[in-house]
Structures are given as C-alpha cells and as structure tokens.
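S.K.: Sending over coords-v3.cif (mmCIF, C-alpha atoms (C1' of nucleotides)).
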data_start
#
loop_
_atom_site.group_PDB
_atom_site.id
_atom_site.type_symbol
_atom_site.label_atom_id
_atom_site.label_comp_id
_atom_site.auth_asym_id
_atom_site.auth_seq_id
_atom_site.Cartn_x
_atom_site.Cartn_y
_atom_site.Cartn_z
ATOM 1 C CA MET A 1 2.859 28.310 14.862
ATOM 2 C CA PRO A 2 2.655 24.519 14.479
ATOM 3 C CA ARG A 3 4.583 22.410 16.913
ATOM 4 C CA GLN A 4 5.800 20.335 13.994
ATOM 5 C CA ALA A 5 6.487 21.053 10.351
ATOM 6 C CA SER A 6 3.388 20.313 8.348
ATOM 7 C CA ALA A 7 5.135 17.896 5.990
ATOM 8 C CA ALA A 8 6.416 15.792 8.874
ATOM 9 C CA ARG A 9 3.018 15.727 10.510
ATOM 10 C CA VAL A 10 1.393 14.601 7.285
ATOM 11 C CA LYS A 11 3.982 11.871 6.915
ATOM 12 C CA GLN A 12 3.323 10.656 10.428
ATOM 13 C CA ALA A 13 -0.418 10.611 9.977
ATOM 14 C CA ALA A 14 -0.135 8.908 6.602
ATOM 15 C CA ALA A 15 1.999 6.177 8.166
ATOM 16 C CA LEU A 16 -0.699 5.604 10.747
ATOM 17 C CA PHE A 17 -3.459 5.434 8.170
ATOM 18 C CA HIS A 18 -1.338 3.169 6.048
ATOM 19 C CA ALA A 19 -1.042 0.699 8.888
ATOM 20 C CA LEU A 20 -4.819 0.755 9.350
ATOM 21 C CA GLY A 21 -5.428 0.556 5.609
ATOM 22 C CA ASP A 22 -5.431 -3.206 5.258
ATOM 23 C CA PRO A 23 -8.446 -5.385 6.078
ATOM 24 C CA THR A 24 -6.415 -8.034 7.870
ATOM 25 C CA ARG A 25 -4.600 -5.488 9.997
ATOM 26 C CA LEU A 26 -7.741 -3.550 10.776
ATOM 27 C CA SER A 27 -9.372 -6.794 11.863
ATOM 28 C CA LEU A 28 -6.455 -7.494 14.154
ATOM 29 C CA VAL A 29 -6.768 -4.076 15.740
ATOM 30 C CA GLN A 30 -10.474 -4.580 16.171
ATOM 31 C CA ARG A 31 -9.967 -7.996 17.667
ATOM 32 C CA LEU A 32 -7.299 -6.835 20.081
ATOM 33 C CA SER A 33 -9.557 -3.994 21.037
ATOM 34 C CA SER A 34 -12.590 -6.121 21.747
ATOM 35 C CA LYS A 35 -11.096 -9.367 22.992
ATOM 36 C CA GLY A 36 -7.998 -8.059 24.711
ATOM 37 C CA PRO A 37 -4.372 -9.279 24.513
ATOM 38 C CA GLU A 38 -3.711 -12.475 22.624
ATOM 39 C CA SER A 39 -0.846 -14.565 21.309
ATOM 40 C CA THR A 40 0.281 -14.684 17.683
ATOM 41 C CA ALA A 41 -1.122 -18.175 17.303
ATOM 42 C CA GLY A 42 -4.375 -17.139 18.908
ATOM 43 C CA LEU A 43 -4.765 -14.240 16.535
ATOM 44 C CA SER A 44 -4.039 -16.521 13.590
ATOM 45 C CA GLU A 45 -6.759 -18.917 14.664
ATOM 46 C CA GLY A 46 -9.740 -17.680 12.687
ATOM 47 C CA ALA A 47 -7.742 -15.842 10.049
ATOM 48 C CA ALA A 48 -7.858 -16.698 6.371
ATOM 49 C CA VAL A 49 -4.088 -16.444 6.000
ATOM 50 C CA SER A 50 -1.102 -18.171 7.548
ATOM 51 C CA ARG A 51 0.473 -17.490 10.896
ATOM 52 C CA GLN A 52 3.458 -15.853 9.236
ATOM 53 C CA ALA A 53 1.234 -13.496 7.332
ATOM 54 C CA ILE A 54 -0.451 -12.489 10.577
ATOM 55 C CA SER A 55 2.949 -12.144 12.180
ATOM 56 C CA LYS A 56 4.071 -9.756 9.460
ATOM 57 C CA HIS A 57 0.935 -7.671 9.834
ATOM 58 C CA LEU A 58 1.451 -7.456 13.578
ATOM 59 C CA ARG A 59 4.955 -6.255 12.963
ATOM 60 C CA VAL A 60 3.619 -3.471 10.702
ATOM 61 C CA LEU A 61 1.121 -2.460 13.374
ATOM 62 C CA SER A 62 3.904 -2.493 15.919
ATOM 63 C CA ASP A 63 6.109 -0.282 13.762
ATOM 64 C CA ALA A 64 3.235 2.151 13.478
ATOM 65 C CA GLY A 65 2.976 2.215 17.251
ATOM 66 C CA LEU A 66 -0.550 0.841 17.250
ATOM 67 C CA VAL A 67 0.291 -2.326 19.121
ATOM 68 C CA LEU A 68 2.969 -3.677 21.408
ATOM 69 C CA SER A 69 4.131 -7.146 22.329
ATOM 70 C CA PHE A 70 6.147 -9.113 24.835
ATOM 71 C CA ARG A 71 7.381 -12.639 25.105
ATOM 72 C CA GLU A 72 5.648 -14.901 27.590
ATOM 73 C CA GLY A 73 7.091 -18.380 27.729
ATOM 74 C CA ARG A 74 7.060 -19.667 24.211
ATOM 75 C CA GLU A 75 4.332 -17.269 23.149
ATOM 76 C CA ARG A 76 4.383 -13.658 22.078
ATOM 77 C CA ILE A 77 1.480 -11.662 23.456
ATOM 78 C CA TRP A 78 0.128 -8.666 21.570
ATOM 79 C CA LYS A 79 -1.897 -5.862 23.026
ATOM 80 C CA LEU A 80 -3.359 -2.676 21.698
ATOM 81 C CA LYS A 81 -1.741 0.657 22.433
ATOM 82 C CA PRO A 82 -5.011 2.512 22.618
ATOM 83 C CA ASN A 83 -3.728 6.078 22.763
ATOM 84 C CA ARG A 84 -2.331 5.721 19.301
ATOM 85 C CA LEU A 85 -5.795 5.663 17.795
ATOM 86 C CA GLN A 86 -6.271 9.132 19.178
ATOM 87 C CA ASP A 87 -3.560 10.338 16.833
ATOM 88 C CA ALA A 88 -5.451 9.036 13.847
ATOM 89 C CA ARG A 89 -8.591 10.697 15.064
ATOM 90 C CA ALA A 90 -6.684 13.905 15.673
ATOM 91 C CA ALA A 91 -5.450 13.889 12.097
ATOM 92 C CA ILE A 92 -8.996 13.633 10.791
ATOM 93 C CA ASN A 93 -10.164 16.302 13.168
ATOM 94 C CA HIS A 94 -7.387 18.547 11.985
ATOM 95 C CA ILE A 95 -8.489 18.242 8.376
ATOM 96 C CA ASP A 96 -12.067 18.836 9.420
ATOM 97 C CA ALA A 97 -11.009 21.959 11.255
ATOM 98 C CA LEU A 98 -9.365 23.265 8.109
ATOM 99 C CA TRP A 99 -12.556 22.554 6.252
ATOM 100 C CA ASP A 100 -14.627 24.457 8.797
ATOM 101 C CA GLU A 101 -12.283 27.421 8.598
ATOM 102 C CA ALA A 102 -12.656 27.406 4.843
ATOM 103 C CA LEU A 103 -16.422 27.426 5.199
ATOM 104 C CA ASP A 104 -16.193 30.299 7.654
ATOM 105 C CA ARG A 105 -14.096 32.289 5.243
ATOM 106 C CA LEU A 106 -16.556 31.585 2.477
ATOM 107 C CA GLN A 107 -19.428 32.619 4.705
ATOM 108 C CA ALA A 108 -17.666 35.860 5.620
ATOM 109 C CA HIS A 109 -17.093 36.575 1.974
ATOM 110 C CA VAL A 110 -20.731 35.994 1.093
ATOM 111 C CA GLU A 111 -21.913 38.266 3.885
ATOM 112 C CA ALA A 112 -19.486 40.993 2.877
ATOM 113 C CA ALA A 113 -20.810 40.884 -0.676
ATOM 114 C CA ASP A 114 -24.362 40.911 0.645
ATOM 115 C CA SER A 115 -24.308 44.540 1.790
ATOM 116 C CA MET B 116 -27.518 -6.703 15.126
ATOM 117 C CA PRO B 117 -25.081 -4.907 12.823
ATOM 118 C CA ARG B 118 -26.483 -3.169 9.787
ATOM 119 C CA GLN B 119 -23.675 -4.686 7.763
ATOM 120 C CA ALA B 120 -21.603 -7.823 8.021
ATOM 121 C CA SER B 121 -18.516 -7.085 10.057
ATOM 122 C CA ALA B 122 -16.118 -8.286 7.378
ATOM 123 C CA ALA B 123 -17.601 -5.986 4.776
ATOM 124 C CA ARG B 124 -17.496 -3.052 7.141
ATOM 125 C CA VAL B 125 -13.862 -3.684 7.915
ATOM 126 C CA LYS B 126 -13.094 -3.881 4.211
ATOM 127 C CA GLN B 127 -14.814 -0.574 3.585
ATOM 128 C CA ALA B 128 -13.030 1.165 6.415
ATOM 129 C CA ALA B 129 -9.694 -0.306 5.383
ATOM 130 C CA ALA B 130 -10.194 1.011 1.860
ATOM 131 C CA LEU B 131 -10.785 4.449 3.271
ATOM 132 C CA PHE B 132 -7.703 4.326 5.476
ATOM 133 C CA HIS B 133 -5.684 2.983 2.598
ATOM 134 C CA ALA B 134 -6.601 5.994 0.491
ATOM 135 C CA LEU B 135 -5.539 8.300 3.311
ATOM 136 C CA GLY B 136 -2.397 6.291 3.972
ATOM 137 C CA ASP B 137 -0.102 8.047 1.534
ATOM 138 C CA PRO B 138 1.611 11.359 2.289
ATOM 139 C CA THR B 139 0.922 12.830 -1.133
ATOM 140 C CA ARG B 140 -2.735 11.900 -1.020
ATOM 141 C CA LEU B 141 -3.174 13.094 2.542
ATOM 142 C CA SER B 142 -1.619 16.402 1.528
ATOM 143 C CA LEU B 143 -4.078 16.681 -1.325
ATOM 144 C CA VAL B 144 -7.000 16.080 1.006
ATOM 145 C CA GLN B 145 -5.636 18.635 3.420
ATOM 146 C CA ARG B 146 -5.100 21.164 0.653
ATOM 147 C CA LEU B 147 -8.555 20.676 -0.787
ATOM 148 C CA SER B 148 -9.954 21.026 2.682
ATOM 149 C CA SER B 149 -8.188 24.262 3.492
ATOM 150 C CA LYS B 150 -7.955 25.966 0.127
ATOM 151 C CA GLY B 151 -11.132 24.720 -1.499
ATOM 152 C CA PRO B 152 -11.691 23.263 -4.991
ATOM 153 C CA GLU B 153 -8.796 23.357 -7.407
ATOM 154 C CA SER B 154 -7.784 22.046 -10.823
ATOM 155 C CA THR B 155 -5.418 19.137 -11.409
ATOM 156 C CA ALA B 156 -2.725 21.500 -12.632
ATOM 157 C CA GLY B 157 -3.254 23.770 -9.648
ATOM 158 C CA LEU B 158 -2.888 20.884 -7.236
ATOM 159 C CA SER B 159 0.273 19.761 -9.014
ATOM 160 C CA GLU B 160 1.810 23.207 -8.658
ATOM 161 C CA GLY B 161 3.732 22.877 -5.411
ATOM 162 C CA ALA B 162 3.972 19.100 -5.471
ATOM 163 C CA ALA B 163 7.232 17.192 -5.588
ATOM 164 C CA VAL B 164 5.949 14.786 -8.234
ATOM 165 C CA SER B 165 4.592 15.096 -11.743
ATOM 166 C CA ARG B 166 1.099 16.096 -12.791
ATOM 167 C CA GLN B 167 0.319 12.537 -13.811
ATOM 168 C CA ALA B 168 1.337 11.226 -10.426
ATOM 169 C CA ILE B 169 -1.008 13.728 -8.790
ATOM 170 C CA SER B 170 -3.697 12.761 -11.250
ATOM 171 C CA LYS B 171 -3.370 9.110 -10.285
ATOM 172 C CA HIS B 172 -3.563 9.949 -6.599
ATOM 173 C CA LEU B 173 -6.693 12.000 -7.169
ATOM 174 C CA ARG B 174 -8.217 9.067 -8.935
ATOM 175 C CA VAL B 175 -7.505 6.845 -5.922
ATOM 176 C CA LEU B 176 -9.102 9.400 -3.624
ATOM 177 C CA SER B 177 -12.063 9.578 -5.943
ATOM 178 C CA ASP B 178 -12.470 5.797 -5.957
ATOM 179 C CA ALA B 179 -12.472 5.886 -2.170
ATOM 180 C CA GLY B 180 -15.245 8.467 -2.285
ATOM 181 C CA LEU B 181 -13.157 11.102 -0.555
ATOM 182 C CA VAL B 182 -13.181 13.533 -3.430
ATOM 183 C CA LEU B 183 -15.199 14.293 -6.541
ATOM 184 C CA SER B 184 -14.452 16.104 -9.761
ATOM 185 C CA PHE B 185 -16.049 17.680 -12.807
ATOM 186 C CA ARG B 186 -14.810 19.034 -16.078
ATOM 187 C CA GLU B 187 -14.808 22.788 -16.471
ATOM 188 C CA GLY B 188 -13.594 23.952 -19.846
ATOM 189 C CA ARG B 189 -10.232 22.336 -20.350
ATOM 190 C CA GLU B 190 -9.683 21.875 -16.626
ATOM 191 C CA ARG B 191 -10.835 19.235 -14.192
ATOM 192 C CA ILE B 192 -11.843 20.641 -10.856
ATOM 193 C CA TRP B 193 -11.537 18.575 -7.700
ATOM 194 C CA LYS B 194 -13.360 19.135 -4.469
ATOM 195 C CA LEU B 195 -13.513 17.380 -1.159
ATOM 196 C CA LYS B 196 -16.469 15.226 -0.233
ATOM 197 C CA PRO B 197 -16.318 16.100 3.444
ATOM 198 C CA ASN B 198 -18.878 13.659 4.779
ATOM 199 C CA ARG B 199 -16.625 10.817 3.789
ATOM 200 C CA LEU B 200 -14.144 11.754 6.476
ATOM 201 C CA GLN B 201 -16.884 11.105 8.981
ATOM 202 C CA ASP B 202 -16.807 7.468 7.956
ATOM 203 C CA ALA B 203 -13.138 7.221 8.782
ATOM 204 C CA ARG B 204 -13.754 8.853 12.127
ATOM 205 C CA ALA B 205 -16.682 6.536 12.756
ATOM 206 C CA ALA B 206 -14.464 3.517 12.148
ATOM 207 C CA ILE B 207 -11.994 4.736 14.743
ATOM 208 C CA ASN B 208 -14.768 5.520 17.160
ATOM 209 C CA HIS B 209 -16.156 2.047 16.670
ATOM 210 C CA ILE B 210 -12.870 0.453 17.617
ATOM 211 C CA ASP B 211 -12.601 2.763 20.580
ATOM 212 C CA ALA B 212 -16.069 1.745 21.689
ATOM 213 C CA LEU B 213 -15.056 -1.911 21.597
ATOM 214 C CA TRP B 214 -12.065 -1.028 23.686
ATOM 215 C CA ASP B 215 -14.174 0.772 26.255
ATOM 216 C CA GLU B 216 -16.531 -2.168 26.476
ATOM 217 C CA ALA B 217 -13.588 -4.452 27.071
ATOM 218 C CA LEU B 218 -12.390 -2.206 29.869
ATOM 219 C CA ASP B 219 -15.859 -2.223 31.394
ATOM 220 C CA ARG B 220 -15.964 -5.985 31.285
ATOM 221 C CA LEU B 221 -12.565 -6.140 32.925
ATOM 222 C CA GLN B 222 -13.681 -3.687 35.591
ATOM 223 C CA ALA B 223 -16.809 -5.712 36.285
ATOM 224 C CA HIS B 224 -14.697 -8.815 36.662
ATOM 225 C CA VAL B 225 -12.327 -7.159 39.080
ATOM 226 C CA GLU B 226 -15.186 -5.884 41.214
ATOM 227 C CA ALA B 227 -16.861 -9.272 41.226
ATOM 228 C CA ALA B 228 -13.654 -10.897 42.454
ATOM 229 C CA ASP B 229 -13.258 -8.171 45.056
ATOM 230 C CA SER B 230 -16.096 -9.328 47.303
ATOM 231 C "C1'" DC C 231 14.752 -37.578 26.942
ATOM 232 C "C1'" DG C 232 11.697 -37.066 23.088
ATOM 233 C "C1'" DA C 233 7.711 -34.986 21.039
ATOM 234 C "C1'" DT C 234 5.234 -30.970 20.289
ATOM 235 C "C1'" DC C 235 4.272 -26.247 20.242
ATOM 236 C "C1'" DA C 236 4.954 -21.170 19.201
ATOM 237 C "C1'" DC C 237 7.767 -18.440 17.094
ATOM 238 C "C1'" DG C 238 11.451 -16.078 14.048
ATOM 239 C "C1'" DC C 239 14.036 -16.010 9.896
ATOM 240 C "C1'" DA C 240 14.943 -16.397 5.025
ATOM 241 C "C1'" DA C 241 13.968 -17.261 0.342
ATOM 242 C "C1'" DC C 242 10.907 -16.822 -2.962
ATOM 243 C "C1'" DC C 243 6.764 -15.278 -5.795
ATOM 244 C "C1'" DA C 244 2.923 -12.530 -7.968
ATOM 245 C "C1'" DT C 245 0.661 -8.325 -7.721
ATOM 246 C "C1'" DT C 246 0.138 -3.653 -6.554
ATOM 247 C "C1'" DT C 247 1.931 0.780 -6.114
ATOM 248 C "C1'" DG C 248 4.007 5.117 -7.078
ATOM 249 C "C1'" DG C 249 6.461 7.051 -10.235
ATOM 250 C "C1'" DT C 250 8.141 8.328 -14.961
ATOM 251 C "C1'" DT C 251 7.911 9.674 -20.136
ATOM 252 C "C1'" DG C 252 5.723 10.341 -24.516
ATOM 253 C "C1'" DC C 253 1.840 11.372 -27.199
ATOM 254 C "C1'" DA C 254 -2.845 12.489 -28.666
ATOM 255 C "C1'" DC C 255 -7.016 15.316 -28.062
ATOM 256 C "C1'" DG C 256 -10.081 18.993 -26.888
ATOM 257 C "C1'" DT C 257 -10.129 24.009 -25.220
ATOM 258 C "C1'" DT C 258 -8.710 28.641 -25.011
ATOM 259 C "C1'" DC C 259 -6.118 32.703 -26.380
ATOM 260 C "C1'" DT C 260 -4.199 35.875 -29.917
ATOM 261 C "C1'" DA D 261 -5.572 29.364 -38.118
ATOM 262 C "C1'" DG D 262 -1.947 28.428 -35.076
ATOM 263 C "C1'" DA D 263 0.155 28.286 -30.512
ATOM 264 C "C1'" DA D 264 -0.237 27.155 -25.861
ATOM 265 C "C1'" DC D 265 -2.571 24.898 -22.191
ATOM 266 C "C1'" DG D 266 -4.870 21.133 -19.298
ATOM 267 C "C1'" DT D 267 -5.964 16.483 -19.509
ATOM 268 C "C1'" DG D 268 -6.218 11.574 -20.460
ATOM 269 C "C1'" DC D 269 -4.143 7.408 -21.940
ATOM 270 C "C1'" DA D 270 -0.621 3.903 -22.442
ATOM 271 C "C1'" DA D 271 3.742 1.809 -21.819
ATOM 272 C "C1'" DC D 272 7.088 1.063 -18.925
ATOM 273 C "C1'" DC D 273 9.925 0.579 -14.548
ATOM 274 C "C1'" DA D 274 11.658 -0.132 -9.704
ATOM 275 C "C1'" DA D 275 10.272 -0.883 -5.284
ATOM 276 C "C1'" DA D 276 7.005 -2.211 -1.865
ATOM 277 C "C1'" DT D 277 3.351 -5.370 -0.396
ATOM 278 C "C1'" DG D 278 1.016 -9.480 0.934
ATOM 279 C "C1'" DG D 279 1.376 -13.915 0.636
ATOM 280 C "C1'" DT D 280 3.596 -18.612 0.661
ATOM 281 C "C1'" DT D 281 6.839 -22.586 2.176
ATOM 282 C "C1'" DG D 282 10.625 -24.583 4.643
ATOM 283 C "C1'" DC D 283 13.596 -24.766 8.436
ATOM 284 C "C1'" DG D 284 15.890 -23.749 12.887
ATOM 285 C "C1'" DT D 285 15.412 -22.831 17.835
ATOM 286 C "C1'" DG D 286 13.860 -22.339 22.424
ATOM 287 C "C1'" DA D 287 9.998 -23.587 25.751
ATOM 288 C "C1'" DT D 288 6.681 -26.866 27.482
ATOM 289 C "C1'" DC D 289 4.460 -31.300 28.107
ATOM 290 C "C1'" DG D 290 4.418 -36.447 28.919
#
For this file, write the structure as structure tokens.
M.R.:
Amino acid sequence: MPRQASAARVKQAAALFHALGDPTRLSLVQRLSSKGPESTAGLSEGAAVSRQAISKHLRVLSDAGLVLSFREGRERIWKLKPNRLQDARAAINHIDALWDEALDRLQAHVEAADS
Amino acid sequence: MPRQASAARVKQAAALFHALGDPTRLSLVQRLSSKGPESTAGLSEGAAVSRQAISKHLRVLSDAGLVLSFREGRERIWKLKPNRLQDARAAINHIDALWDEALDRLQAHVEAADS
DNA sequence: CGATCACGCAACCATTTGGTTGCACGTTCT
DNA sequence: AGAACGTGCAACCAAATGGTTGCGTGATCG
C-alpha cells in the first residue's frame, strides 16, 4: 500500500513542478546550484527583471521547499536545498515505473495470445 | 560548449515543468502512463472537473510534447509520449550535476587551504 | 550623524490560467 | 431517419501570476 494517498502525492509533486515551471525561477535554481549561496541583490544582478520580482520568485521557491534563506547583516542569503530536487526526480521515476509496468502487462498479454 | 544556448534550454525545461505543474494534468499523465491510451471522455470519467476542462489540460500537455492524440471514429484517443519525460529528468540531472561540481570545487578549495 | 545599501511591504496592473456553460457538427447505433 | 454520443469552439468569469513602482526600515559605511 502507498505511504500516502495518491491524490496528495500528486498534489505535492505538482506543487514542486509548478515552482520549477518558470524560466526565471529555474534559472535561479540553476544559478544557486552552480554558483552557490548568494544574496537577493546578487541574484538580481544579471536578471532581466527587478529585484522585487526576483524576491517574489525566491519566495515561491522557498514555499516549495527548494531553497532556504537566512538574514546576514542587511542581506538575505539564499541557498539551494538540494535534496528537494530528488523528490521531483522521484515523481518522474514513479510515472516511468507505471509506464514500464504497463508495458510488461502488454508484453505478457501478447505472449499469452501467441500460443 | 553547450549544444544549445543556456537561456533557451532553461525556457524549454521550464515549459515542460510548467505542463507537469498542475495536479489535474499530472494525474492525467500518470493515468495515461499506467492505464494506457484513452479517449477524452474516458479520461474525464473519474475527474472532478468537466470534460472541457480535461480537454484543455490535454491540449496543454500536447503543446508541451508530453502527449499525442489522434481521431478514432468520433473519439479522440490520447497516449503518452514517454520519451518526453526523459527531458524533464535530464533537466533535473543537469542541475544536480552543477551542484556536484560546485561541491567538488568547494572540496578542492578546502583541501588546498588544509596544507 | 548622514548617506547609502539591501530588503520587505503594499498597491496596483495586465495577462494567463483554470474553470464553466451553451451550442454546433460529425459519428454511431437502432 | 432520428436519437444519442464524443468533440470542438466560443464566450465568459474569477482567481492566480508575474511584473511594476513607491515607500519605510534597519544595517553599514564615511
């Protein structure tokens, strides 16, 4: 039996994908991943949009558990919460597993009819 | 050098995640994955929302390349395009790879300072 | 102390999104 | 032929989204 009701799991995974489903946010995740922790202003540096826009996106990522932050002097530092990406990958793997099972069933059916 | 400009790649991946980032749509993908091809009406069967809502979601999934459809008599049959999920996984793996590189760089730095 | 910097908050705006209902059209069943 | 079915299309609606600007506040620099 599943550890969690399927509907709730889908909701959770969808929330994660939703957070990743914006180019600006995905760029932020990528940047935090490659360049390491950075301040809000730092992350706004090269961006096409305003600091507040970036700030809002970071808040969305934070709500999704993809990123965390802490105050340091007058800056707020953001860093990636890397384990969270595993959850997204797990969701995809789960769907893939279903797909493979379906193929197996189909294969079994074909072989049964092949006698 | 990257096969594609980074910005374009991010956009592509974000579009994919965006399509997966809705509970109803993610359920549809999961259902198509586990139960195999099905008609619009069939997919609307258990759903909480109307047939047209489902139809719109399927169209979004189709635009994202996650699903394809064909007319069969008076029905439209939808089936998963499984390879597309690989792209989503690849995007996550790519970010993870960046992260690992960053950790390696950090490690190298620590060891260098440790002499 | 005064200037500047980084940030948070709020108001506001246009567009997108997710949903509905109603209707028209082609297909299938009897 | 006529009824029922599966879809597609369009209009419409409320809420969410992504963005802006302006302003207040605490921290840091000179």
S.K.: Apply the PyMOL selection byres ((chain D) within 10 of (chain B)) to the structure shown and report the selected residues as a list in words.
M.R.: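 This file gives the following for the PyMOL selection byres ((chain D) within 10 of (chain B)): DC265, DG266, DT267 and DG268 of chain D.
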S.K.: Could you give me, as a list in words, the residues within 8 Å of B:Arg199, counting only C-alpha atoms (C1' of nucleotides) and dropping anything in the same chain fewer than 3 positions from it?
M.R.: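 Those residues are Gly180, Leu181, Lys196, Asp202 and Ala203 of chain B.
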S.K.: Excluding C:DT246 and any residue of its chain fewer than 5 positions from it, enumerate the residues within 12 Å of it, using all atoms listed in the file, and give them as a list in words.
M.R.: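 Residues near the query, excluding close chain neighbours: DA275, DA276, DT277 and DG278 of chain D.
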S.K.: Exactly which residues make up the result of the PyMOL selection byres ((chain A and resi 25) around 10) on this file, given as a list in words?
M.R.: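 Written out, the selection comes to Ala19, Leu20, Gly21, Asp22, Pro23, Thr24, Leu26, Ser27, Leu28, Val29, Gln30, Arg31, Ile54, Lys56, His57, Leu58, Val60 and Leu61 of chain A; Val125 and Ala129 of chain B.
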S.K.: For the file shown, report as number ranges by chain the outcome of the PyMOL selection byres ((chain D and resi 284-289) around 9) at residue level.
M.R.: A: 73-75; C: 233-239; D: 283, 290
S.K.: Any chance you could export the current selection's C-alpha atoms (C1' of nucleotides) as an mmCIF file, in the frame of the given file?
M.R.:
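File selection-v2.cif, as written:
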data_model
loop_
_atom_site.group_PDB
_atom_site.id
_atom_site.type_symbol
_atom_site.label_atom_id
_atom_site.label_comp_id
_atom_site.auth_asym_id
_atom_site.auth_seq_id
_atom_site.Cartn_x
_atom_site.Cartn_y
_atom_site.Cartn_z
ATOM 1 C CA GLY A 73 7.091 -18.380 27.729
ATOM 2 C CA ARG A 74 7.060 -19.667 24.211
ATOM 3 C CA GLU A 75 4.332 -17.269 23.149
ATOM 4 C "C1'" DA C 233 7.711 -34.986 21.039
ATOM 5 C "C1'" DT C 234 5.234 -30.970 20.289
ATOM 6 C "C1'" DC C 235 4.272 -26.247 20.242
ATOM 7 C "C1'" DA C 236 4.954 -21.170 19.201
ATOM 8 C "C1'" DC C 237 7.767 -18.440 17.094
ATOM 9 C "C1'" DG C 238 11.451 -16.078 14.048
ATOM 10 C "C1'" DC C 239 14.036 -16.010 9.896
ATOM 11 C "C1'" DC D 283 13.596 -24.766 8.436
ATOM 12 C "C1'" DG D 290 4.418 -36.447 28.919
#
S.K.: Compute the chain A side of the contact with chain B at 10 Å, counting all atoms listed in the file, and hand it back as a ChimeraX atom specification.
M.R.: /A:6-27,29-36,80,82-83,85-86,88-103,106
S.K.: Which of these residues is nearest to chain C, using only C-alpha atoms (C1' of nucleotides): B:Ser165, B:Ile192, B:Asp178, B:Glu153?
M.R.: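 Looking only at the distances to chain C, the closest residue turns out to be B:Ser165.
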S.K.: As a list in words, could you give me every residue of chain C near chain B (at most 9 Å apart, counting only C-alpha atoms (C1' of nucleotides))?
M.R.: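 My answer is DG248, DG249, DT250, DG256, DT257 and DT258 of chain C.
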S.K.: Taking all listed atoms of stretch 272-277 of chain D, build the axis-aligned box, pad each of the six sides by 3 Å, then write its centre and edge lengths in Å to one decimal as AutoDock Vina command-line options.
M.R.:
--center_x 7.5 --center_y -2.2 --center_z -9.7 --size_x 14.3 --size_y 12.4 --size_z 24.5
S.K.: I'd like the interatomic distance between atom CA of B:Ser177 and atom CA of B:Gly161, to a tenth of an Å.
M.R.: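 Value for the atom CA of B:Ser177-atom CA of B:Gly161 distance: 20.7 Å.
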S.K.: Could you please determine the separation between atom CA of A:Ala64 and atom C1' of D:DC273 in Å, to one decimal place?
M.R.: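 Interatomic distance here is 28.9 Å.
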S.K.: Please indicate the distance in Å from atom CA of B:Ser159 to atom CA of A:Asp104, rounded to one decimal place.
M.R.: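 For atom CA of B:Ser159 relative to atom CA of A:Asp104, the distance reads 25.7 Å.
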S.K.: Which is closest to C:DC255 among D:DT281, D:DA274, D:DC269, D:DG262, if we use all atoms listed in the file?
M.R.: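 Of all the options, D:DC269 lies closest to C:DC255.
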S.K.: Write out N, CA and C atoms for stretch 166-182 of chain B, as an mmCIF file, in the frame of the given file.
M.R.:
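After the write, result-v1.cif holds the following:
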data_model
loop_
_atom_site.group_PDB
_atom_site.id
_atom_site.type_symbol
_atom_site.label_atom_id
_atom_site.label_comp_id
_atom_site.auth_asym_id
_atom_site.auth_seq_id
_atom_site.Cartn_x
_atom_site.Cartn_y
_atom_site.Cartn_z
ATOM 1 N N ARG B 166 2.539 15.923 -12.692
ATOM 2 C CA ARG B 166 1.099 16.096 -12.791
ATOM 3 C C ARG B 166 0.399 14.747 -12.889
ATOM 4 N N GLN B 167 0.962 13.844 -13.661
ATOM 5 C CA GLN B 167 0.319 12.537 -13.811
ATOM 6 C C GLN B 167 0.278 11.769 -12.499
ATOM 7 N N ALA B 168 1.326 11.889 -11.731
ATOM 8 C CA ALA B 168 1.337 11.226 -10.426
ATOM 9 C C ALA B 168 0.197 11.776 -9.572
ATOM 10 N N ILE B 169 0.078 13.096 -9.551
ATOM 11 C CA ILE B 169 -1.008 13.728 -8.790
ATOM 12 C C ILE B 169 -2.356 13.245 -9.308
ATOM 13 N N SER B 170 -2.457 13.184 -10.615
ATOM 14 C CA SER B 170 -3.697 12.761 -11.250
ATOM 15 C C SER B 170 -4.089 11.348 -10.791
ATOM 16 N N LYS B 171 -3.105 10.480 -10.747
ATOM 17 C CA LYS B 171 -3.370 9.110 -10.285
ATOM 18 C C LYS B 171 -3.835 9.100 -8.838
ATOM 19 N N HIS B 172 -3.181 9.899 -8.005
ATOM 20 C CA HIS B 172 -3.563 9.949 -6.599
ATOM 21 C C HIS B 172 -4.994 10.451 -6.449
ATOM 22 N N LEU B 173 -5.338 11.459 -7.241
ATOM 23 C CA LEU B 173 -6.693 12.000 -7.169
ATOM 24 C C LEU B 173 -7.718 10.947 -7.559
ATOM 25 N N ARG B 174 -7.331 10.146 -8.504
ATOM 26 C CA ARG B 174 -8.217 9.067 -8.935
ATOM 27 C C ARG B 174 -8.436 8.056 -7.793
ATOM 28 N N VAL B 175 -7.375 7.742 -7.075
ATOM 29 C CA VAL B 175 -7.505 6.845 -5.922
ATOM 30 C C VAL B 175 -8.443 7.451 -4.871
ATOM 31 N N LEU B 176 -8.241 8.725 -4.597
ATOM 32 C CA LEU B 176 -9.102 9.400 -3.624
ATOM 33 C C LEU B 176 -10.549 9.407 -4.088
ATOM 34 N N SER B 177 -10.719 9.576 -5.374
ATOM 35 C CA SER B 177 -12.063 9.578 -5.943
ATOM 36 C C SER B 177 -12.714 8.199 -5.800
ATOM 37 N N ASP B 178 -11.948 7.163 -6.094
ATOM 38 C CA ASP B 178 -12.470 5.797 -5.957
ATOM 39 C C ASP B 178 -12.878 5.503 -4.513
ATOM 40 N N ALA B 179 -12.160 6.105 -3.585
ATOM 41 C CA ALA B 179 -12.472 5.886 -2.170
ATOM 42 C C ALA B 179 -13.635 6.770 -1.720
ATOM 43 N N GLY B 180 -14.114 7.614 -2.625
ATOM 44 C CA GLY B 180 -15.245 8.467 -2.285
ATOM 45 C C GLY B 180 -14.883 9.676 -1.458
ATOM 46 N N LEU B 181 -13.589 9.984 -1.384
ATOM 47 C CA LEU B 181 -13.157 11.102 -0.555
ATOM 48 C C LEU B 181 -13.220 12.424 -1.296
ATOM 49 N N VAL B 182 -13.308 12.340 -2.619
ATOM 50 C CA VAL B 182 -13.181 13.533 -3.430
ATOM 51 C C VAL B 182 -14.015 13.329 -4.682
#
